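Listing of entry23.pdb; format and content: PDB, C-alpha atoms.
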ATOM      1  CA  MET A 171     122.216  98.863  77.077
ATOM      2  CA  ARG A 172     120.321  98.994  80.368
ATOM      3  CA  THR A 173     118.782  95.550  79.711
ATOM      4  CA  TYR A 174     122.233  93.994  79.579
ATOM      5  CA  TRP A 175     123.260  95.321  82.957
ATOM      6  CA  ILE A 176     119.937  94.232  84.467
ATOM      7  CA  THR A 177     120.622  90.771  82.992
ATOM      8  CA  TRP A 178     124.121  90.927  84.485
ATOM      9  CA  SER A 179     122.635  91.728  87.943
ATOM     10  CA  VAL A 180     120.132  88.873  87.684
ATOM     11  CA  LEU A 181     122.897  86.423  86.732
ATOM     12  CA  LEU A 182     124.969  87.656  89.636
ATOM     13  CA  VAL A 183     122.091  87.199  92.077
ATOM     14  CA  PHE A 184     121.589  83.653  90.771
ATOM     15  CA  THR A 185     125.288  82.902  91.290
ATOM     16  CA  VAL A 186     125.229  84.224  94.855
ATOM     17  CA  VAL A 187     122.055  82.254  95.674
ATOM     18  CA  MET A 188     123.643  79.088  94.243
ATOM     19  CA  LEU A 189     126.703  79.604  96.431
ATOM     20  CA  TRP A 190     124.457  80.145  99.434
ATOM     21  CA  ALA A 191     122.576  76.906  98.630
ATOM     22  CA  ASP A 192     125.918  75.126  98.426
ATOM     23  CA  SER A 193     126.856  76.202 101.942
ATOM     24  CA  ALA A 194     123.359  75.619 103.395
ATOM     25  CA  SER A 195     122.675  72.058 104.451
ATOM     26  CA  LEU A 196     119.777  71.307 102.110
ATOM     27  CA  PRO A 197     118.656  67.705 101.539
ATOM     28  CA  ARG A 198     120.734  66.295  98.655
ATOM     29  CA  GLN A 199     117.816  65.727  96.278
ATOM     30  CA  ALA A 200     116.357  69.208  96.826
ATOM     31  CA  PHE A 201     119.843  70.689  96.417
ATOM     32  CA  VAL A 202     120.419  68.906  93.086
ATOM     33  CA  VAL A 203     116.984  69.890  91.706
ATOM     34  CA  PHE A 204     117.473  73.500  92.809
ATOM     35  CA  MET A 205     120.937  73.685  91.237
ATOM     36  CA  LEU A 206     119.759  72.205  87.942
ATOM     37  CA  ILE A 207     116.818  74.620  87.733
ATOM     38  CA  ALA A 208     119.078  77.576  88.581
ATOM     39  CA  MET A 209     121.657  76.437  85.998
ATOM     40  CA  LEU A 210     119.087  76.075  83.210
ATOM     41  CA  THR A 211     117.501  79.410  84.110
ATOM     42  CA  LYS A 212     120.886  81.143  83.955
ATOM     43  CA  ALA A 213     121.641  79.495  80.613
ATOM     44  CA  SER A 214     118.239  80.550  79.228
ATOM     45  CA  ILE A 215     118.761  84.135  80.396
ATOM     46  CA  ILE A 216     122.152  84.286  78.655
ATOM     47  CA  GLY A 217     120.707  82.775  75.470
ATOM     48  CA  ALA A 218     117.648  85.015  75.410
ATOM     49  CA  ASN A 219     119.176  88.353  76.405
ATOM     50  CA  PHE A 220     122.914  88.315  75.726
ATOM     51  CA  MET A 221     122.728  86.149  72.616
ATOM     52  CA  HIS A 222     119.561  87.937  71.487
ATOM     53  CA  LEU A 223     117.630  84.750  70.791
ATOM     54  CA  LYS A 224     114.626  86.495  72.346
ATOM     55  CA  GLY A 225     114.580  89.019  69.522
ATOM     56  CA  GLU A 226     115.450  86.653  66.672
ATOM     57  CA  ARG A 227     113.079  85.451  64.008
ATOM     58  CA  VAL A 228     111.160  82.375  65.020
ATOM     59  CA  GLN A 229     112.846  80.397  62.221
ATOM     60  CA  LEU A 230     116.290  80.893  63.754
ATOM     61  CA  ILE A 231     115.050  80.172  67.271
ATOM     62  CA  LEU A 232     113.494  76.937  66.034
ATOM     63  CA  THR A 233     116.689  76.021  64.170
ATOM     64  CA  VAL A 234     118.685  76.308  67.381
ATOM     65  CA  VAL A 235     116.163  74.985  69.884
ATOM     66  CA  VAL A 236     114.933  72.047  67.763
ATOM     67  CA  GLY A 237     118.557  71.212  66.883
ATOM     68  CA  LEU A 238     119.470  71.133  70.568
ATOM     69  CA  LEU A 239     116.363  69.188  71.563
ATOM     70  CA  VAL A 240     116.737  66.533  68.855
ATOM     71  CA  THR A 241     120.440  65.978  69.438
ATOM     72  CA  GLY A 242     119.863  66.096  73.204
ATOM     73  CA  ALA A 243     117.121  63.474  72.851
ATOM     74  CA  VAL A 244     119.413  61.254  70.747
ATOM     75  CA  LEU A 245     122.163  61.546  73.362
ATOM     76  CA  TYR A 246     119.663  60.770  76.115
ATOM     77  CA  VAL A 247     118.312  57.683  74.324
ATOM     78  CA  LEU A 248     121.869  56.446  73.796
ATOM     79  CA  ILE A 249     123.131  57.210  77.291
ATOM     80  CA  ALA A 250     120.141  56.682  79.603
ATOM     81  CA  PRO A 251     120.067  52.834  79.456
ATOM     82  CA  ASP A 252     123.745  52.653  80.411
ATOM     83  CA  ALA A 253     123.284  55.242  83.143
ATOM     84  CA  VAL A 254     120.482  53.159  84.678
ATOM     85  CA  ARG A 255     122.609  50.003  84.332
ATOM     86  CA  ILE A 256     125.500  51.692  86.138
ATOM     87  CA  HIS A 257     123.187  52.591  89.018
ATOM     88  CA  HIS A 258     122.126  48.949  89.268
ATOM     89  CA  MET A 259     125.728  47.765  89.077
ATOM     90  CA  VAL A 260     126.737  50.153  91.862
ATOM     91  CA  GLU A 261     123.831  48.885  93.982
ATOM     92  CA  ILE A 262     124.813  45.250  93.404
ATOM     93  CA  TYR A 263     128.610  45.357  93.348
ATOM     94  CA  GLY A 264     129.355  48.587  95.217
ATOM     95  CA  PRO A 265     131.371  51.531  93.824
ATOM     96  CA  ARG A 266     134.377  51.005  91.568
TER
ATOM     97  CA  MET B 289     110.723  79.715  39.112
ATOM     98  CA  VAL B 290     114.096  79.849  37.337
ATOM     99  CA  ASP B 291     113.950  81.799  34.103
ATOM    100  CA  THR B 292     117.449  82.894  33.203
ATOM    101  CA  GLU B 293     121.022  81.799  33.827
ATOM    102  CA  VAL B 294     121.444  84.634  36.318
ATOM    103  CA  ASP B 295     118.320  83.521  38.171
ATOM    104  CA  ARG B 296     119.576  79.935  38.169
ATOM    105  CA  ILE B 297     122.880  80.970  39.767
ATOM    106  CA  GLU B 298     121.027  83.103  42.300
ATOM    107  CA  HIS B 299     118.659  80.259  43.008
ATOM    108  CA  TRP B 300     121.391  77.729  43.741
ATOM    109  CA  ALA B 301     123.972  80.074  45.246
ATOM    110  CA  GLY B 302     123.061  79.117  48.792
ATOM    111  CA  GLY B 303     120.582  81.659  50.075
ATOM    112  CA  HIS B 304     121.864  84.716  51.815
ATOM    113  CA  HIS B 305     119.083  84.585  54.356
ATOM    114  CA  ALA B 306     118.438  81.057  55.512
ATOM    115  CA  ALA B 307     115.949  81.071  58.399
ATOM    116  CA  ILE B 308     115.552  84.782  57.604
ATOM    117  CA  ALA B 309     118.959  85.470  59.154
ATOM    118  CA  GLY B 310     122.319  86.116  57.522
ATOM    119  CA  TRP B 311     124.259  82.978  56.651
ATOM    120  CA  ARG B 312     127.055  83.986  59.031
ATOM    121  CA  LYS B 313     124.669  84.061  61.944
ATOM    122  CA  VAL B 314     123.055  80.731  61.033
ATOM    123  CA  MET B 315     126.466  79.093  60.662
ATOM    124  CA  MET B 316     127.679  80.573  63.939
ATOM    125  CA  TRP B 317     124.605  79.184  65.695
ATOM    126  CA  TRP B 318     125.198  75.759  64.197
ATOM    127  CA  PHE B 319     128.795  75.905  65.325
ATOM    128  CA  ILE B 320     127.596  76.813  68.818
ATOM    129  CA  VAL B 321     125.115  73.917  68.878
ATOM    130  CA  THR B 322     127.727  71.387  67.746
ATOM    131  CA  ASP B 323     130.436  72.752  70.044
ATOM    132  CA  GLY B 324     127.887  72.659  72.852
ATOM    133  CA  LEU B 325     127.400  68.966  72.131
ATOM    134  CA  LEU B 326     131.139  68.422  72.597
ATOM    135  CA  PHE B 327     130.859  69.822  76.114
ATOM    136  CA  ALA B 328     127.610  67.880  76.666
ATOM    137  CA  GLY B 329     129.563  64.708  75.868
ATOM    138  CA  PHE B 330     132.331  65.640  78.314
ATOM    139  CA  LEU B 331     129.832  66.438  81.049
ATOM    140  CA  ALA B 332     127.881  63.215  80.455
ATOM    141  CA  SER B 333     131.127  61.267  80.701
ATOM    142  CA  TYR B 334     131.956  63.140  83.907
ATOM    143  CA  GLY B 335     128.500  62.161  85.238
ATOM    144  CA  TYR B 336     129.356  58.482  84.691
ATOM    145  CA  ALA B 337     132.627  58.908  86.535
ATOM    146  CA  ARG B 338     130.856  60.578  89.457
ATOM    147  CA  VAL B 339     128.326  57.763  89.776
ATOM    148  CA  LEU B 340     131.031  55.113  89.589
ATOM    149  CA  ALA B 341     133.493  56.855  91.904
ATOM    150  CA  PHE B 342     134.305  55.246  95.222
ATOM    151  CA  HIS B 343     135.080  58.596  96.796
ATOM    152  CA  TRP B 344     134.524  61.814  94.845
ATOM    153  CA  PRO B 345     136.351  64.620  96.670
ATOM    154  CA  PRO B 346     134.068  67.220  98.294
ATOM    155  CA  GLN B 347     134.650  70.266  96.102
ATOM    156  CA  ALA B 348     134.673  72.699  99.029
ATOM    157  CA  GLU B 349     137.752  70.892 100.395
ATOM    158  CA  VAL B 350     139.664  71.079  97.111
ATOM    159  CA  PHE B 351     138.644  74.438  95.674
ATOM    160  CA  SER B 352     138.112  77.851  97.121
ATOM    161  CA  LEU B 353     134.532  78.331  95.954
ATOM    162  CA  LYS B 354     134.796  82.074  96.600
ATOM    163  CA  TYR B 355     137.663  82.162  94.118
ATOM    164  CA  ILE B 356     135.651  80.188  91.535
ATOM    165  CA  ALA B 357     132.732  82.566  92.151
ATOM    166  CA  ALA B 358     135.083  85.476  91.417
ATOM    167  CA  MET B 359     136.044  83.800  88.124
ATOM    168  CA  THR B 360     132.331  83.456  87.341
ATOM    169  CA  PHE B 361     131.816  87.136  88.161
ATOM    170  CA  VAL B 362     134.588  88.122  85.738
ATOM    171  CA  LEU B 363     133.074  86.017  82.948
ATOM    172  CA  ILE B 364     129.504  87.263  83.494
ATOM    173  CA  THR B 365     130.765  90.858  83.542
ATOM    174  CA  SER B 366     132.663  90.301  80.298
ATOM    175  CA  SER B 367     129.457  88.985  78.742
ATOM    176  CA  ALA B 368     127.668  92.193  79.719
ATOM    177  CA  THR B 369     130.428  94.330  78.186
ATOM    178  CA  MET B 370     130.308  92.183  75.029
ATOM    179  CA  ALA B 371     126.547  92.668  74.722
ATOM    180  CA  SER B 372     127.136  96.417  75.111
ATOM    181  CA  ALA B 373     129.770  96.259  72.328
ATOM    182  CA  VAL B 374     127.261  94.590  69.985
ATOM    183  CA  GLN B 375     124.672  97.211  70.861
ATOM    184  CA  ASP B 376     127.096 100.075  70.169
ATOM    185  CA  ALA B 377     128.192  98.481  66.891
ATOM    186  CA  LYS B 378     124.553  98.139  65.812
ATOM    187  CA  HIS B 379     123.999 101.841  66.418
ATOM    188  CA  GLY B 380     127.137 102.776  64.512
ATOM    189  CA  ARG B 381     129.052 103.910  67.609
ATOM    190  CA  ARG B 382     132.423 102.493  66.589
ATOM    191  CA  GLY B 383     134.369 104.072  69.462
ATOM    192  CA  GLY B 384     132.000 102.667  72.082
ATOM    193  CA  ALA B 385     132.005  99.241  70.429
ATOM    194  CA  LEU B 386     135.816  99.211  70.356
ATOM    195  CA  LYS B 387     136.013 100.200  74.029
ATOM    196  CA  TYR B 388     133.636  97.420  75.083
ATOM    197  CA  VAL B 389     135.328  94.793  72.881
ATOM    198  CA  LEU B 390     138.659  95.650  74.520
ATOM    199  CA  LEU B 391     137.094  95.524  77.992
ATOM    200  CA  THR B 392     135.676  92.096  77.157
ATOM    201  CA  ALA B 393     139.097  90.877  76.008
ATOM    202  CA  LEU B 394     140.532  92.214  79.273
ATOM    203  CA  GLY B 395     137.902  90.219  81.189
ATOM    204  CA  GLY B 396     138.874  87.126  79.205
ATOM    205  CA  LEU B 397     142.547  87.643  80.008
ATOM    206  CA  ALA B 398     141.723  88.119  83.698
ATOM    207  CA  PHE B 399     139.740  84.871  83.661
ATOM    208  CA  LEU B 400     142.643  83.036  82.007
ATOM    209  CA  GLY B 401     145.067  84.445  84.571
ATOM    210  CA  MET B 402     142.825  83.282  87.411
ATOM    211  CA  GLN B 403     142.518  79.845  85.835
ATOM    212  CA  ALA B 404     146.289  79.609  85.404
ATOM    213  CA  TYR B 405     146.673  80.405  89.111
ATOM    214  CA  GLU B 406     144.078  77.771  90.030
ATOM    215  CA  TRP B 407     145.835  75.134  87.900
ATOM    216  CA  THR B 408     149.242  76.013  89.339
ATOM    217  CA  HIS B 409     147.865  75.823  92.862
ATOM    218  CA  LEU B 410     146.192  72.427  92.341
ATOM    219  CA  ILE B 411     149.178  70.960  90.493
ATOM    220  CA  GLY B 412     151.335  72.143  93.408
ATOM    221  CA  GLU B 413     149.055  70.221  95.761
ATOM    222  CA  GLY B 414     149.493  67.043  93.702
ATOM    223  CA  ALA B 415     146.617  67.077  91.188
ATOM    224  CA  ARG B 416     147.512  65.098  88.063
ATOM    225  CA  LEU B 417     145.618  63.615  85.124
ATOM    226  CA  THR B 418     146.071  60.125  86.554
ATOM    227  CA  HIS B 419     145.894  60.674  90.306
ATOM    228  CA  ASN B 420     145.281  63.216  93.023
ATOM    229  CA  PRO B 421     145.551  63.341  96.809
ATOM    230  CA  TRP B 422     141.829  63.874  97.485
ATOM    231  CA  GLY B 423     139.933  60.880  96.135
ATOM    232  CA  ASP B 424     138.865  59.143  92.940
ATOM    233  CA  ALA B 425     141.636  59.096  90.326
ATOM    234  CA  SER B 426     139.361  60.456  87.579
ATOM    235  CA  PHE B 427     138.736  63.670  89.534
ATOM    236  CA  GLY B 428     141.969  65.238  88.292
ATOM    237  CA  ALA B 429     141.383  64.011  84.745
ATOM    238  CA  TYR B 430     137.922  65.585  84.577
ATOM    239  CA  PHE B 431     139.107  68.782  86.232
ATOM    240  CA  PHE B 432     141.848  69.286  83.637
ATOM    241  CA  LEU B 433     139.648  68.108  80.748
ATOM    242  CA  LEU B 434     136.656  70.332  81.487
ATOM    243  CA  THR B 435     138.459  73.467  82.626
ATOM    244  CA  GLY B 436     141.203  72.945  80.032
ATOM    245  CA  PHE B 437     138.813  72.736  77.106
ATOM    246  CA  HIS B 438     136.836  75.670  78.419
ATOM    247  CA  GLY B 439     140.017  77.671  78.976
ATOM    248  CA  THR B 440     141.088  76.933  75.398
ATOM    249  CA  HIS B 441     137.752  78.328  74.241
ATOM    250  CA  VAL B 442     138.316  81.453  76.349
ATOM    251  CA  LEU B 443     141.797  81.861  74.839
ATOM    252  CA  THR B 444     140.348  81.473  71.337
ATOM    253  CA  GLY B 445     137.676  84.015  72.267
ATOM    254  CA  VAL B 446     140.296  86.516  73.431
ATOM    255  CA  ILE B 447     142.181  86.110  70.126
ATOM    256  CA  ILE B 448     138.925  86.616  68.188
ATOM    257  CA  LEU B 449     138.130  89.710  70.284
ATOM    258  CA  LEU B 450     141.559  91.260  69.822
ATOM    259  CA  THR B 451     141.407  90.583  66.072
ATOM    260  CA  THR B 452     137.917  92.102  65.993
ATOM    261  CA  ALA B 453     139.197  95.147  67.909
ATOM    262  CA  VAL B 454     142.018  95.744  65.428
ATOM    263  CA  ARG B 455     139.710  95.280  62.431
ATOM    264  CA  LEU B 456     137.047  97.443  64.048
ATOM    265  CA  SER B 457     139.524 100.263  64.647
ATOM    266  CA  LYS B 458     140.467 100.116  60.947
ATOM    267  CA  GLY B 459     136.818 100.080  59.899
ATOM    268  CA  ILE B 460     137.126  96.613  58.310
ATOM    269  CA  THR B 461     134.843  94.789  60.734
ATOM    270  CA  LYS B 462     131.256  95.946  60.632
ATOM    271  CA  GLU B 463     128.327  95.417  62.947
ATOM    272  CA  GLU B 464     127.828  91.757  61.962
ATOM    273  CA  GLY B 465     131.461  90.871  62.753
ATOM    274  CA  VAL B 466     131.099  92.240  66.282
ATOM    275  CA  GLU B 467     127.842  90.331  66.683
ATOM    276  CA  MET B 468     129.499  87.047  65.635
ATOM    277  CA  ALA B 469     132.379  87.590  68.074
ATOM    278  CA  GLY B 470     129.729  88.333  70.697
ATOM    279  CA  LEU B 471     127.804  85.129  70.029
ATOM    280  CA  TYR B 472     130.979  83.099  70.461
ATOM    281  CA  TRP B 473     131.889  84.917  73.669
ATOM    282  CA  HIS B 474     128.450  84.429  75.217
ATOM    283  CA  PHE B 475     128.670  80.753  74.328
ATOM    284  CA  VAL B 476     131.911  80.536  76.320
ATOM    285  CA  ASP B 477     130.071  82.137  79.252
ATOM    286  CA  LEU B 478     127.156  79.729  78.772
ATOM    287  CA  VAL B 479     129.421  76.677  78.956
ATOM    288  CA  TRP B 480     130.954  78.005  82.173
ATOM    289  CA  VAL B 481     127.466  78.137  83.753
ATOM    290  CA  PHE B 482     127.234  74.367  83.240
ATOM    291  CA  ILE B 483     130.790  73.603  84.380
ATOM    292  CA  PHE B 484     130.449  75.855  87.438
ATOM    293  CA  THR B 485     127.237  74.126  88.521
ATOM    294  CA  LEU B 486     127.917  70.510  87.573
ATOM    295  CA  PHE B 487     131.624  70.271  88.426
ATOM    296  CA  TYR B 488     132.206  72.813  91.189
ATOM    297  CA  LEU B 489     128.886  72.912  93.051
ATOM    298  CA  LEU B 490     126.999  69.618  92.665
TER
END
Using structure tokens, write down the structure that the file contains.
Amino acid sequence: MRTYWITWSVLLVFTVVMLWADSASLPRQAFVVFMLIAMLTKASIIGANFMHLKGERVQLILTVVVGLLVTGAVLYVLIAPDAVRIHHMVEIYGPR
Amino acid sequence: MVDTEVDRIEHWAGGHHAAIAGWRKVMMWWFIVTDGLLFAGFLASYGYARVLAFHWPPQAEVFSLKYIAAMTFVLITSSATMASAVQDAKHGRRGGALKYVLLTALGGLAFLGMQAYEWTHLIGEGARLTHNPWGDASFGAYFFLLTGFHGTHVLTGVIILLTTAVRLSKGITKEEGVEMAGLYWHFVDLVWVFIFTLFYLL
């Protein structure tokens, strides 16, 4: 039971730090990278501790993680070319 | 090797322990993965809109980030109470599990109430699906889409939790039922982590 409340505190600290980063005037790129790392860390903590993936059999962990990675990779392959094209279009023609 | 008719039925009955976990748990995880992809699609689409937007409203001017942080606090706390409910159920402490399930449902209801207030406030200020007073027209559409779908998941979660509580009090729902409700609830919390960061902060 204690682990869950420690996890809760860690998640809370992450949230507060993210809010602080939002109000601090960090360079945009550093801010985005920091936020993405913090977001993925929070998500991993929830998955590992609250959803008990940490204590699951490796078969189940692989089922979930490989499933997410493969489908994520498929989405990326399908979306990334268009995302790059949009960036180029915005550079050439300006925003919508 | 299949020797008898009984063995044959057992063999093809759809194993009880795929991935060395109960079939309910495996199915719940697959549901979570696929439902997660739904939100991934929404967020990817939102990313496009952000890149293409002429003027995306600065979130700090539209939302009270302290209020959104309070909503996040409520959801994280409800996840902790849910994890405690699962733990109590696993150790056969039905009373404790019931108490924590009800507390989690209360957290969910509080979150929904806060979201309803936020929606009412923004609609009052002119936010619509098609336009809004702050900037790019798609801002309102993505706000209602993302928070609306998430809110619907929270509402579903609350219904699942209340049903679980009633069944738990009658002794119908066992440890695994509480665990499944817990997995769904943590997933709802997990999705909020992404929405909170990508929509409200970035």
Exercise for review: Kindly resolve the ChimeraX specification (/B :<7) & /A on the present coordinates and return the residues as a PyMOL selection string.
Suggested key: chain A and resi 171+174-175+178+192+202+205+209+213+216+220-221+227+229-230+234+238+260+265-266
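Pairwise distance (CA of Tyr388 in chain B, CA of Ile176 in chain A) equals 16.9 Å.
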Review point. Expressed in Å to a single decimal, how great is the separation between CA of His409 in chain B and CA of Ile356 in chain B?
Key: 13.0 Å
Review point. On this structure, which residues satisfy the PyMOL selection byres ((chain B and resi 389-400) around 7), written as a VMD selection string?
Key: chain B and resid 359 362 to 363 366 369 to 370 373 385 to 388 401 to 404 439 442 446 449 to 450 453
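With distances restricted to only C-alpha atoms, A:Lys212 is the closest residue to Val180 in chain A from A:Ser193, A:Ala200, A:Lys212, A:Tyr263.
Coordinates place CA of Arg381 in chain B at a distance of 13.5 Å from CA of Glu464 in chain B.
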Work out where the centre of an axis-aligned box around every listed atom of range 312-326 of chain B lies and how long its edges are once 8 Å is added on each side; give both in Å to one decimal as AutoDock Vina command-line options.
--center_x 127.1 --center_y 76.2 --center_z 65.9 --size_x 24.1 --size_y 31.6 --size_z 29.8
Practice item. Specify as a ChimeraX atom specification each residue included when the PyMOL selection byres ((chain B and resi 410-414) around 12) is applied to this file. Key: /B:349-352,403-409,415-423,425,427-429,431-432
